[in-house]
>>> print(open('my_file.cif').read())   # mmCIF, N, CA and C atoms
data_start
loop_
_atom_site.group_PDB
_atom_site.id
_atom_site.type_symbol
_atom_site.label_atom_id
_atom_site.label_comp_id
_atom_site.auth_asym_id
_atom_site.auth_seq_id
_atom_site.Cartn_x
_atom_site.Cartn_y
_atom_site.Cartn_z
ATOM 1 N N MET Q 1 -3.617 105.137 32.452
ATOM 2 C CA MET Q 1 -4.087 106.466 32.765
ATOM 3 C C MET Q 1 -5.493 106.683 32.217
ATOM 4 N N LYS Q 2 -5.756 106.150 31.008
ATOM 5 C CA LYS Q 2 -7.083 106.300 30.427
ATOM 6 C C LYS Q 2 -8.127 105.622 31.295
ATOM 7 N N LYS Q 3 -7.772 104.444 31.846
ATOM 8 C CA LYS Q 3 -8.718 103.739 32.710
ATOM 9 C C LYS Q 3 -8.998 104.549 33.961
ATOM 10 N N LEU Q 4 -7.969 105.154 34.538
ATOM 11 C CA LEU Q 4 -8.157 105.938 35.754
ATOM 12 C C LEU Q 4 -9.027 107.158 35.473
ATOM 13 N N LEU Q 5 -8.852 107.778 34.309
ATOM 14 C CA LEU Q 5 -9.697 108.913 33.944
ATOM 15 C C LEU Q 5 -11.141 108.467 33.764
ATOM 16 N N ALA Q 6 -11.332 107.310 33.150
ATOM 17 C CA ALA Q 6 -12.686 106.788 32.978
ATOM 18 C C ALA Q 6 -13.320 106.500 34.330
ATOM 19 N N ILE Q 7 -12.551 105.923 35.235
ATOM 20 C CA ILE Q 7 -13.071 105.628 36.567
ATOM 21 C C ILE Q 7 -13.370 106.921 37.311
ATOM 22 N N SER Q 8 -12.540 107.932 37.141
ATOM 23 C CA SER Q 8 -12.802 109.225 37.764
ATOM 24 C C SER Q 8 -14.103 109.809 37.248
ATOM 25 N N ALA Q 9 -14.364 109.612 35.962
ATOM 26 C CA ALA Q 9 -15.628 110.090 35.396
ATOM 27 C C ALA Q 9 -16.804 109.357 36.034
ATOM 28 N N VAL Q 10 -16.651 108.055 36.264
ATOM 29 C CA VAL Q 10 -17.696 107.283 36.926
ATOM 30 C C VAL Q 10 -17.910 107.797 38.343
ATOM 31 N N ALA Q 11 -16.824 108.054 39.039
ATOM 32 C CA ALA Q 11 -16.928 108.576 40.404
ATOM 33 C C ALA Q 11 -17.616 109.928 40.402
ATOM 34 N N GLY Q 12 -17.296 110.758 39.422
ATOM 35 C CA GLY Q 12 -17.958 112.054 39.304
ATOM 36 C C GLY Q 12 -19.449 111.898 39.076
ATOM 37 N N ALA Q 13 -19.820 110.934 38.260
ATOM 38 C CA ALA Q 13 -21.237 110.671 38.031
ATOM 39 C C ALA Q 13 -21.914 110.201 39.309
ATOM 40 N N MET Q 14 -21.195 109.381 40.096
ATOM 41 C CA MET Q 14 -21.746 108.936 41.371
ATOM 42 C C MET Q 14 -21.957 110.132 42.300
ATOM 43 N N PHE Q 15 -21.004 111.073 42.289
ATOM 44 C CA PHE Q 15 -21.129 112.271 43.117
ATOM 45 C C PHE Q 15 -22.333 113.088 42.672
ATOM 46 N N ALA Q 16 -22.472 113.294 41.361
ATOM 47 C CA ALA Q 16 -23.581 114.095 40.851
ATOM 48 C C ALA Q 16 -24.917 113.450 41.188
ATOM 49 N N ALA Q 17 -24.991 112.125 41.098
ATOM 50 C CA ALA Q 17 -26.220 111.428 41.449
ATOM 51 C C ALA Q 17 -26.522 111.613 42.930
ATOM 52 N N GLY Q 18 -25.497 111.616 43.757
ATOM 53 C CA GLY Q 18 -25.688 111.825 45.188
ATOM 54 C C GLY Q 18 -26.189 113.221 45.499
ATOM 55 N N VAL Q 19 -25.735 114.197 44.728
ATOM 56 C CA VAL Q 19 -26.189 115.570 44.919
ATOM 57 C C VAL Q 19 -27.621 115.720 44.460
ATOM 58 N N ALA Q 20 -27.972 115.066 43.355
ATOM 59 C CA ALA Q 20 -29.308 115.201 42.799
ATOM 60 C C ALA Q 20 -30.364 114.561 43.686
ATOM 61 N N ASP Q 21 -30.044 113.499 44.361
ATOM 62 C CA ASP Q 21 -30.995 112.776 45.185
ATOM 63 C C ASP Q 21 -30.337 112.472 46.518
ATOM 64 N N ALA Q 22 -30.679 113.257 47.521
ATOM 65 C CA ALA Q 22 -29.985 113.161 48.806
ATOM 66 C C ALA Q 22 -30.518 112.037 49.691
ATOM 67 N N ASN Q 23 -31.388 111.180 49.172
ATOM 68 C CA ASN Q 23 -31.892 110.077 49.976
ATOM 69 C C ASN Q 23 -30.814 109.026 50.177
ATOM 70 N N ALA Q 24 -30.838 108.427 51.357
ATOM 71 C CA ALA Q 24 -29.880 107.356 51.637
ATOM 72 C C ALA Q 24 -30.308 106.092 50.919
ATOM 73 N N GLY Q 25 -29.365 105.225 50.647
ATOM 74 C CA GLY Q 25 -29.707 103.963 50.012
ATOM 75 C C GLY Q 25 -28.470 103.250 49.507
ATOM 76 N N SER Q 26 -28.703 102.127 48.854
ATOM 77 C CA SER Q 26 -27.586 101.374 48.296
ATOM 78 C C SER Q 26 -27.989 100.800 46.955
ATOM 79 N N ARG Q 27 -26.978 100.517 46.152
ATOM 80 C CA ARG Q 27 -27.179 99.894 44.844
ATOM 81 C C ARG Q 27 -26.100 98.840 44.648
ATOM 82 N N ASN Q 28 -26.505 97.715 44.137
ATOM 83 C CA ASN Q 28 -25.587 96.616 43.852
ATOM 84 C C ASN Q 28 -26.024 95.955 42.558
ATOM 85 N N GLY Q 29 -25.076 95.432 41.815
ATOM 86 C CA GLY Q 29 -25.458 94.734 40.604
ATOM 87 C C GLY Q 29 -24.265 94.322 39.789
ATOM 88 N N SER Q 30 -24.560 93.888 38.577
ATOM 89 C CA SER Q 30 -23.506 93.474 37.669
ATOM 90 C C SER Q 30 -23.934 93.753 36.236
ATOM 91 N N ILE Q 31 -22.930 93.875 35.386
ATOM 92 C CA ILE Q 31 -23.137 94.101 33.967
ATOM 93 C C ILE Q 31 -22.247 93.107 33.229
ATOM 94 N N SER Q 32 -22.841 92.356 32.303
ATOM 95 C CA SER Q 32 -22.070 91.376 31.538
ATOM 96 C C SER Q 32 -21.893 91.851 30.105
ATOM 97 N N GLY Q 33 -20.707 91.638 29.597
ATOM 98 C CA GLY Q 33 -20.396 92.009 28.228
ATOM 99 C C GLY Q 33 -19.514 90.964 27.592
ATOM 100 N N PRO Q 34 -19.026 91.253 26.392
ATOM 101 C CA PRO Q 34 -18.222 90.269 25.672
ATOM 102 C C PRO Q 34 -16.900 89.911 26.366
ATOM 103 N N ARG Q 35 -16.417 90.767 27.250
ATOM 104 C CA ARG Q 35 -15.146 90.498 27.941
ATOM 105 C C ARG Q 35 -15.333 89.966 29.351
ATOM 106 N N GLY Q 36 -16.569 89.791 29.777
ATOM 107 C CA GLY Q 36 -16.812 89.261 31.108
ATOM 108 C C GLY Q 36 -17.821 90.092 31.874
ATOM 109 N N THR Q 37 -17.827 89.925 33.185
ATOM 110 C CA THR Q 37 -18.804 90.580 34.050
ATOM 111 C C THR Q 37 -18.126 91.606 34.948
ATOM 112 N N THR Q 38 -18.752 92.749 35.051
ATOM 113 C CA THR Q 38 -18.323 93.799 35.961
ATOM 114 C C THR Q 38 -19.371 93.924 37.055
ATOM 115 N N THR Q 39 -18.945 93.916 38.315
ATOM 116 C CA THR Q 39 -19.862 94.058 39.437
ATOM 117 C C THR Q 39 -19.656 95.403 40.105
ATOM 118 N N PHE Q 40 -20.713 95.927 40.678
ATOM 119 C CA PHE Q 40 -20.618 97.206 41.361
ATOM 120 C C PHE Q 40 -21.486 97.198 42.605
ATOM 121 N N SER Q 41 -21.080 97.999 43.559
ATOM 122 C CA SER Q 41 -21.868 98.184 44.772
ATOM 123 C C SER Q 41 -21.588 99.576 45.305
ATOM 124 N N GLY Q 42 -22.572 100.137 45.948
ATOM 125 C CA GLY Q 42 -22.400 101.462 46.511
ATOM 126 C C GLY Q 42 -23.459 101.746 47.556
ATOM 127 N N ALA Q 43 -23.159 102.669 48.438
ATOM 128 C CA ALA Q 43 -24.088 103.056 49.494
ATOM 129 C C ALA Q 43 -23.933 104.539 49.781
ATOM 130 N N ARG Q 44 -25.033 105.143 50.213
ATOM 131 C CA ARG Q 44 -25.022 106.562 50.548
ATOM 132 C C ARG Q 44 -25.863 106.754 51.808
ATOM 133 N N SER Q 45 -25.390 107.604 52.679
ATOM 134 C CA SER Q 45 -26.156 107.948 53.878
ATOM 135 C C SER Q 45 -26.082 109.450 54.083
ATOM 136 N N CYS Q 46 -27.141 109.992 54.648
ATOM 137 C CA CYS Q 46 -27.211 111.439 54.862
ATOM 138 C C CYS Q 46 -27.639 111.734 56.293
ATOM 139 N N ALA Q 47 -26.995 112.721 56.903
ATOM 140 C CA ALA Q 47 -27.348 113.156 58.249
ATOM 141 C C ALA Q 47 -26.855 114.576 58.441
ATOM 142 N N GLY Q 48 -27.701 115.413 58.997
ATOM 143 C CA GLY Q 48 -27.298 116.783 59.316
ATOM 144 C C GLY Q 48 -26.888 117.602 58.104
ATOM 145 N N GLY Q 49 -27.465 117.323 56.938
ATOM 146 C CA GLY Q 49 -27.145 118.091 55.746
ATOM 147 C C GLY Q 49 -25.908 117.629 54.997
ATOM 148 N N VAL Q 50 -25.264 116.573 55.471
ATOM 149 C CA VAL Q 50 -24.072 116.041 54.799
ATOM 150 C C VAL Q 50 -24.372 114.618 54.343
ATOM 151 N N CYS Q 51 -24.086 114.339 53.086
ATOM 152 C CA CYS Q 51 -24.266 112.989 52.550
ATOM 153 C C CYS Q 51 -22.899 112.376 52.291
ATOM 154 N N SER Q 52 -22.743 111.142 52.710
ATOM 155 C CA SER Q 52 -21.506 110.407 52.483
ATOM 156 C C SER Q 52 -21.798 109.239 51.555
ATOM 157 N N SER Q 53 -20.849 108.940 50.681
ATOM 158 C CA SER Q 53 -21.045 107.821 49.765
ATOM 159 C C SER Q 53 -19.763 107.009 49.654
ATOM 160 N N GLN Q 54 -19.958 105.747 49.343
ATOM 161 C CA GLN Q 54 -18.827 104.864 49.071
ATOM 162 C C GLN Q 54 -19.294 103.816 48.089
ATOM 163 N N GLY Q 55 -18.370 103.355 47.271
ATOM 164 C CA GLY Q 55 -18.733 102.351 46.293
ATOM 165 C C GLY Q 55 -17.502 101.714 45.686
ATOM 166 N N SER Q 56 -17.739 100.654 44.949
ATOM 167 C CA SER Q 56 -16.641 99.982 44.270
ATOM 168 C C SER Q 56 -17.148 99.335 42.990
ATOM 169 N N VAL Q 57 -16.225 99.185 42.057
ATOM 170 C CA VAL Q 57 -16.485 98.512 40.786
ATOM 171 C C VAL Q 57 -15.357 97.511 40.585
ATOM 172 N N THR Q 58 -15.708 96.261 40.296
ATOM 173 C CA THR Q 58 -14.711 95.236 40.016
ATOM 174 C C THR Q 58 -14.906 94.758 38.584
ATOM 175 N N GLY Q 59 -13.874 94.882 37.785
ATOM 176 C CA GLY Q 59 -13.945 94.521 36.386
ATOM 177 C C GLY Q 59 -13.808 93.039 36.146
ATOM 178 N N PRO Q 60 -13.976 92.627 34.899
ATOM 179 C CA PRO Q 60 -13.944 91.201 34.572
ATOM 180 C C PRO Q 60 -12.586 90.538 34.801
ATOM 181 N N TYR Q 61 -11.523 91.319 34.924
ATOM 182 C CA TYR Q 61 -10.202 90.744 35.157
ATOM 183 C C TYR Q 61 -9.765 90.868 36.613
ATOM 184 N N GLY Q 62 -10.702 91.264 37.484
ATOM 185 C CA GLY Q 62 -10.440 91.273 38.909
ATOM 186 C C GLY Q 62 -9.968 92.582 39.508
ATOM 187 N N GLY Q 63 -9.684 93.590 38.692
ATOM 188 C CA GLY Q 63 -9.263 94.884 39.222
ATOM 189 C C GLY Q 63 -10.426 95.624 39.860
ATOM 190 N N THR Q 64 -10.202 96.209 41.026
ATOM 191 C CA THR Q 64 -11.252 96.929 41.738
ATOM 192 C C THR Q 64 -10.888 98.395 41.887
ATOM 193 N N VAL Q 65 -11.860 99.249 41.638
ATOM 194 C CA VAL Q 65 -11.725 100.682 41.851
ATOM 195 C C VAL Q 65 -12.751 101.065 42.902
ATOM 196 N N SER Q 66 -12.334 101.813 43.913
ATOM 197 C CA SER Q 66 -13.257 102.209 44.972
ATOM 198 C C SER Q 66 -13.317 103.725 45.090
ATOM 199 N N HIS Q 67 -14.410 104.192 45.685
ATOM 200 C CA HIS Q 67 -14.652 105.623 45.844
ATOM 201 C C HIS Q 67 -15.233 105.880 47.227
ATOM 202 N N GLN Q 68 -14.754 106.928 47.865
ATOM 203 C CA GLN Q 68 -15.344 107.416 49.109
ATOM 204 C C GLN Q 68 -15.450 108.920 48.994
ATOM 205 N N GLY Q 69 -16.587 109.485 49.384
ATOM 206 C CA GLY Q 69 -16.745 110.920 49.289
ATOM 207 C C GLY Q 69 -17.892 111.427 50.124
ATOM 208 N N SER Q 70 -18.014 112.740 50.149
ATOM 209 C CA SER Q 70 -19.116 113.371 50.868
ATOM 210 C C SER Q 70 -19.521 114.637 50.135
ATOM 211 N N SER Q 71 -20.760 115.064 50.366
ATOM 212 C CA SER Q 71 -21.266 116.270 49.729
ATOM 213 C C SER Q 71 -22.230 116.979 50.659
ATOM 214 N N THR Q 72 -22.381 118.260 50.426
ATOM 215 C CA THR Q 72 -23.321 119.070 51.180
ATOM 216 C C THR Q 72 -23.909 120.120 50.245
ATOM 217 N N CYS Q 73 -25.161 120.487 50.460
ATOM 218 C CA CYS Q 73 -25.830 121.464 49.608
ATOM 219 C C CYS Q 73 -26.455 122.554 50.460
ATOM 220 N N SER Q 74 -26.387 123.778 49.938
ATOM 221 C CA SER Q 74 -26.988 124.904 50.623
ATOM 222 C C SER Q 74 -27.226 126.033 49.628
ATOM 223 N N GLY Q 75 -28.436 126.570 49.604
ATOM 224 C CA GLY Q 75 -28.729 127.727 48.771
ATOM 225 C C GLY Q 75 -28.486 127.529 47.282
ATOM 226 N N GLY Q 76 -28.746 126.362 46.762
ATOM 227 C CA GLY Q 76 -28.562 126.117 45.336
ATOM 228 C C GLY Q 76 -27.151 125.751 44.920
ATOM 229 N N THR Q 77 -26.252 125.645 45.881
ATOM 230 C CA THR Q 77 -24.875 125.255 45.583
ATOM 231 C C THR Q 77 -24.522 123.993 46.369
ATOM 232 N N CYS Q 78 -23.970 123.024 45.660
ATOM 233 C CA CYS Q 78 -23.542 121.784 46.296
ATOM 234 C C CYS Q 78 -22.036 121.654 46.143
ATOM 235 N N SER Q 79 -21.401 121.219 47.195
ATOM 236 C CA SER Q 79 -19.960 120.991 47.126
ATOM 237 C C SER Q 79 -19.660 119.604 47.674
ATOM 238 N N GLY Q 80 -18.574 119.049 47.211
ATOM 239 C CA GLY Q 80 -18.219 117.713 47.662
ATOM 240 C C GLY Q 80 -16.756 117.417 47.412
ATOM 241 N N SER Q 81 -16.307 116.378 48.043
ATOM 242 C CA SER Q 81 -14.930 115.944 47.871
ATOM 243 C C SER Q 81 -14.884 114.436 48.043
ATOM 244 N N GLY Q 82 -13.813 113.844 47.551
ATOM 245 C CA GLY Q 82 -13.690 112.404 47.685
ATOM 246 C C GLY Q 82 -12.352 111.904 47.196
ATOM 247 N N VAL Q 83 -12.206 110.615 47.291
ATOM 248 C CA VAL Q 83 -10.988 109.938 46.864
ATOM 249 C C VAL Q 83 -11.386 108.703 46.067
ATOM 250 N N VAL Q 84 -10.744 108.527 44.920
ATOM 251 C CA VAL Q 84 -10.911 107.329 44.103
ATOM 252 C C VAL Q 84 -9.601 106.546 44.188
ATOM 253 N N THR Q 85 -9.702 105.265 44.507
ATOM 254 C CA THR Q 85 -8.521 104.400 44.602
ATOM 255 C C THR Q 85 -8.570 103.371 43.485
ATOM 256 N N GLY Q 86 -7.503 103.299 42.717
ATOM 257 C CA GLY Q 86 -7.435 102.390 41.583
ATOM 258 C C GLY Q 86 -7.019 100.992 41.973
ATOM 259 N N PRO Q 87 -7.037 100.074 41.014
ATOM 260 C CA PRO Q 87 -6.737 98.666 41.311
ATOM 261 C C PRO Q 87 -5.306 98.408 41.765
ATOM 262 N N ARG Q 88 -4.400 99.326 41.496
ATOM 263 C CA ARG Q 88 -3.012 99.148 41.942
ATOM 264 C C ARG Q 88 -2.668 100.031 43.135
ATOM 265 N N GLY Q 89 -3.685 100.629 43.751
ATOM 266 C CA GLY Q 89 -3.473 101.419 44.953
ATOM 267 C C GLY Q 89 -3.279 102.903 44.742
ATOM 268 N N GLY Q 90 -3.190 103.346 43.501
ATOM 269 C CA GLY Q 90 -3.067 104.780 43.236
ATOM 270 C C GLY Q 90 -4.358 105.496 43.586
ATOM 271 N N THR Q 91 -4.248 106.762 43.984
ATOM 272 C CA THR Q 91 -5.436 107.521 44.373
ATOM 273 C C THR Q 91 -5.545 108.824 43.589
ATOM 274 N N VAL Q 92 -6.780 109.267 43.421
ATOM 275 C CA VAL Q 92 -7.086 110.576 42.841
ATOM 276 C C VAL Q 92 -8.059 111.235 43.799
ATOM 277 N N SER Q 93 -7.710 112.423 44.286
ATOM 278 C CA SER Q 93 -8.603 113.191 45.152
ATOM 279 C C SER Q 93 -9.282 114.274 44.321
ATOM 280 N N TYR Q 94 -10.505 114.613 44.689
ATOM 281 C CA TYR Q 94 -11.208 115.668 43.966
ATOM 282 C C TYR Q 94 -12.023 116.528 44.920
ATOM 283 N N ASN Q 95 -12.233 117.763 44.506
ATOM 284 C CA ASN Q 95 -13.125 118.712 45.178
ATOM 285 C C ASN Q 95 -13.966 119.346 44.080
ATOM 286 N N ARG Q 96 -15.286 119.413 44.300
ATOM 287 C CA ARG Q 96 -16.169 119.961 43.266
ATOM 288 C C ARG Q 96 -17.212 120.861 43.901
ATOM 289 N N THR Q 97 -17.621 121.839 43.100
ATOM 290 C CA THR Q 97 -18.749 122.695 43.463
ATOM 291 C C THR Q 97 -19.673 122.769 42.264
ATOM 292 N N ILE Q 98 -20.954 122.529 42.485
ATOM 293 C CA ILE Q 98 -21.957 122.584 41.449
ATOM 294 C C ILE Q 98 -23.021 123.590 41.874
ATOM 295 N N SER Q 99 -23.374 124.492 40.967
ATOM 296 C CA SER Q 99 -24.371 125.517 41.282
ATOM 297 C C SER Q 99 -25.494 125.490 40.255
ATOM 298 N N ARG Q 100 -26.701 125.761 40.687
ATOM 299 C CA ARG Q 100 -27.827 125.830 39.774
ATOM 300 C C ARG Q 100 -27.838 127.117 38.980
ATOM 301 N N TYR Q 101 -27.029 128.063 39.346
ATOM 302 C CA TYR Q 101 -27.098 129.390 38.734
ATOM 303 C C TYR Q 101 -25.953 129.638 37.788
#
>>> encode(input="my_file.cif", output="structure tokens")
Amino acid sequence: MKKLLAISAVAGAMFAAGVADANAGSRNGSISGPRGTTTFSGARSCAGGVCSSQGSVTGPYGGTVSHQGSSTCSGGTCSGSGVVTGPRGGTVSYNRTISRY
């Protein structure tokens, strides 16, 4: 459960980054540590005021967590929703609203 919460936090950060910068693009890479290498990839596209994102993280022991979501912004308020899928197939859905005010 702690791992799923941590992954949800990562997904939330991915959502916030998507809201902050609505440009389309992709990111891929890896991070190595004492327990092995973690790889990540993600992509975002925007059209008609809606941005969609998807990404995945694979840990050093082979478990993969994936995320799919979308966001839209208007008048200083951004809202979004998505689904995070854990390495054993469990899912967490979320809906968020972020306002500058």
>>> select_by_dssp(input="my_file.cif", residues="range 15-99 of chain Q", states="helix (DSSP H, G or I)", output="PyMOL selection string")
chain Q and resi 15-20
>>> atom_distance(input="my_file.cif", atom1="CA of Arg44 in chain Q", atom2="CA of Ala24 in chain Q")
5.0 Å
>>> atom_distance(input="my_file.cif", atom1="CA of Gly36 in chain Q", atom2="CA of Val65 in chain Q")
16.5 Å
>>> residues_around(input="my_file.cif", residues="Arg100 in chain Q", least_positions_apart="4", cutoff="9 Å", atoms="only C-alpha atoms", output="list of chain:residue names")
Q:Gly76, Q:Thr77, Q:Cys78
>>> resolve_selection(input="my_file.cif", expression="the PyMOL selection byres (((chain Q and resi 51 and name CA) around 7) and name CA)", output="compact mmCIF listing (two decimals) with N, CA and C atoms, keeping the file's coordinate frame")
# COMPACT_ATOMS: atom_id res chain seq x y z
N ALA Q 22 -30.68 113.26 47.52
CA ALA Q 22 -29.98 113.16 48.81
C ALA Q 22 -30.52 112.04 49.69
N ARG Q 44 -25.03 105.14 50.21
CA ARG Q 44 -25.02 106.56 50.55
C ARG Q 44 -25.86 106.75 51.81
N SER Q 45 -25.39 107.60 52.68
CA SER Q 45 -26.16 107.95 53.88
C SER Q 45 -26.08 109.45 54.08
N CYS Q 46 -27.14 109.99 54.65
CA CYS Q 46 -27.21 111.44 54.86
C CYS Q 46 -27.64 111.73 56.29
N ALA Q 47 -27.00 112.72 56.90
CA ALA Q 47 -27.35 113.16 58.25
C ALA Q 47 -26.86 114.58 58.44
N GLY Q 49 -27.46 117.32 56.94
CA GLY Q 49 -27.14 118.09 55.75
C GLY Q 49 -25.91 117.63 55.00
N VAL Q 50 -25.26 116.57 55.47
CA VAL Q 50 -24.07 116.04 54.80
C VAL Q 50 -24.37 114.62 54.34
N SER Q 52 -22.74 111.14 52.71
CA SER Q 52 -21.51 110.41 52.48
C SER Q 52 -21.80 109.24 51.56
N SER Q 53 -20.85 108.94 50.68
CA SER Q 53 -21.04 107.82 49.76
C SER Q 53 -19.76 107.01 49.65
N SER Q 70 -18.01 112.74 50.15
CA SER Q 70 -19.12 113.37 50.87
C SER Q 70 -19.52 114.64 50.14
N SER Q 71 -20.76 115.06 50.37
CA SER Q 71 -21.27 116.27 49.73
C SER Q 71 -22.23 116.98 50.66
N THR Q 72 -22.38 118.26 50.43
CA THR Q 72 -23.32 119.07 51.18
C THR Q 72 -23.91 120.12 50.24
>>> atom_distance(input="my_file.cif", atom1="CA of Ile98 in chain Q", atom2="CA of Ser41 in chain Q")
24.6 Å
>>> resolve_selection(input="my_file.cif", expression="the PyMOL selection byres ((chain Q and resi 39) around 6)", output="list of chain:residue names")
Q:Gly29, Q:Ser30, Q:Ile31, Q:Thr37, Q:Thr38, Q:Phe40, Q:Ser41, Q:Ser56, Q:Val57, Q:Thr58, Q:Gly59
>>> residues_near_point(input="my_file.cif", point="(-13.5, 121.1, 49.2)", cutoff="6 Å", atoms="all atoms listed in the file", output="PDB file with N, CA and C atoms, in the coordinates of the input")
ATOM      1  N   GLY Q  80     -18.574 119.049  47.211  1.00  0.00           N
ATOM      2  CA  GLY Q  80     -18.219 117.713  47.662  1.00  0.00           C
ATOM      3  C   GLY Q  80     -16.756 117.417  47.412  1.00  0.00           C
ATOM      4  N   SER Q  81     -16.307 116.378  48.043  1.00  0.00           N
ATOM      5  CA  SER Q  81     -14.930 115.944  47.871  1.00  0.00           C
ATOM      6  C   SER Q  81     -14.884 114.436  48.043  1.00  0.00           C
ATOM      7  N   ASN Q  95     -12.233 117.763  44.506  1.00  0.00           N
ATOM      8  CA  ASN Q  95     -13.125 118.712  45.178  1.00  0.00           C
ATOM      9  C   ASN Q  95     -13.966 119.346  44.080  1.00  0.00           C
ATOM     10  N   ARG Q  96     -15.286 119.413  44.300  1.00  0.00           N
ATOM     11  CA  ARG Q  96     -16.169 119.961  43.266  1.00  0.00           C
ATOM     12  C   ARG Q  96     -17.212 120.861  43.901  1.00  0.00           C
TER      13      ARG Q  96
END
>>> axis_aligned_box(input="my_file.cif", around="range 37-53 of chain Q", padding_each_side="8 Å", output="lines of an AutoDock Vina configuration file")
center_x = -22.8
center_y = 104.0
center_z = 46.3
size_x = 25.9
size_y = 44.2
size_z = 42.1
>>> residues_near_point(input="my_file.cif", point="(-8.8, 112.4, 47.5)", cutoff="7 Å", atoms="all atoms listed in the file", output="VMD selection string")
chain Q and resid 81 to 84 91 to 94
>>> write_last_selection(input="my_file.cif", atoms="N, CA and C atoms", output="PDB file, in the coordinates of the input")
ATOM      1  N   SER Q  81     -16.307 116.378  48.043  1.00  0.00           N
ATOM      2  CA  SER Q  81     -14.930 115.944  47.871  1.00  0.00           C
ATOM      3  C   SER Q  81     -14.884 114.436  48.043  1.00  0.00           C
ATOM      4  N   GLY Q  82     -13.813 113.844  47.551  1.00  0.00           N
ATOM      5  CA  GLY Q  82     -13.690 112.404  47.685  1.00  0.00           C
ATOM      6  C   GLY Q  82     -12.352 111.904  47.196  1.00  0.00           C
ATOM      7  N   VAL Q  83     -12.206 110.615  47.291  1.00  0.00           N
ATOM      8  CA  VAL Q  83     -10.988 109.938  46.864  1.00  0.00           C
ATOM      9  C   VAL Q  83     -11.386 108.703  46.067  1.00  0.00           C
ATOM     10  N   VAL Q  84     -10.744 108.527  44.920  1.00  0.00           N
ATOM     11  CA  VAL Q  84     -10.911 107.329  44.103  1.00  0.00           C
ATOM     12  C   VAL Q  84      -9.601 106.546  44.188  1.00  0.00           C
ATOM     13  N   THR Q  91      -4.248 106.762  43.984  1.00  0.00           N
ATOM     14  CA  THR Q  91      -5.436 107.521  44.373  1.00  0.00           C
ATOM     15  C   THR Q  91      -5.545 108.824  43.589  1.00  0.00           C
ATOM     16  N   VAL Q  92      -6.780 109.267  43.421  1.00  0.00           N
ATOM     17  CA  VAL Q  92      -7.086 110.576  42.841  1.00  0.00           C
ATOM     18  C   VAL Q  92      -8.059 111.235  43.799  1.00  0.00           C
ATOM     19  N   SER Q  93      -7.710 112.423  44.286  1.00  0.00           N
ATOM     20  CA  SER Q  93      -8.603 113.191  45.152  1.00  0.00           C
ATOM     21  C   SER Q  93      -9.282 114.274  44.321  1.00  0.00           C
ATOM     22  N   TYR Q  94     -10.505 114.613  44.689  1.00  0.00           N
ATOM     23  CA  TYR Q  94     -11.208 115.668  43.966  1.00  0.00           C
ATOM     24  C   TYR Q  94     -12.023 116.528  44.920  1.00  0.00           C
TER      25      TYR Q  94
END
>>> resolve_selection(input="my_file.cif", expression="the PyMOL selection byres ((chain Q and resi 87) around 7)", output="PyMOL selection string")
chain Q and resi 63-66+85-86+88-90
>>> closest_residue(input="my_file.cif", among="Q:Tyr101, Q:Ser74, Q:Tyr61, Q:His67", to="Arg35 in chain Q", atoms="only C-alpha atoms")
Q:Tyr61
>>> closest_residue(input="my_file.cif", among="Q:Gly48, Q:Pro34, Q:Gly69, Q:Gly75", to="Ser99 in chain Q", atoms="all atoms listed in the file")
Q:Gly75
>>> decode(input="my_file.cif", residues="range 63-80 of chain Q", atoms="C-alpha atoms", output="compact mmCIF listing (two decimals), in the first residue's frame")
# COMPACT_ATOMS: atom_id res chain seq x y z
CA GLY Q 63 7.37 -4.12 -11.46
CA THR Q 64 5.74 -1.51 -13.70
CA VAL Q 65 3.36 1.27 -12.71
CA SER Q 66 1.54 3.14 -15.46
CA HIS Q 67 -0.50 6.33 -15.59
CA GLN Q 68 -3.02 7.73 -18.05
CA GLY Q 69 -4.77 11.04 -17.56
CA SER Q 70 -6.00 14.29 -19.00
CA SER Q 71 -6.28 17.89 -17.88
CA THR Q 72 -7.85 21.13 -18.97
CA CYS Q 73 -7.38 24.72 -17.78
CA SER Q 74 -9.64 27.73 -17.93
CA GLY Q 75 -9.72 31.03 -16.06
CA GLY Q 76 -6.96 30.16 -13.60
CA THR Q 77 -8.43 26.79 -12.67
CA CYS Q 78 -7.12 23.47 -13.95
CA SER Q 79 -8.88 20.17 -13.54
CA GLY Q 80 -7.82 16.69 -14.44
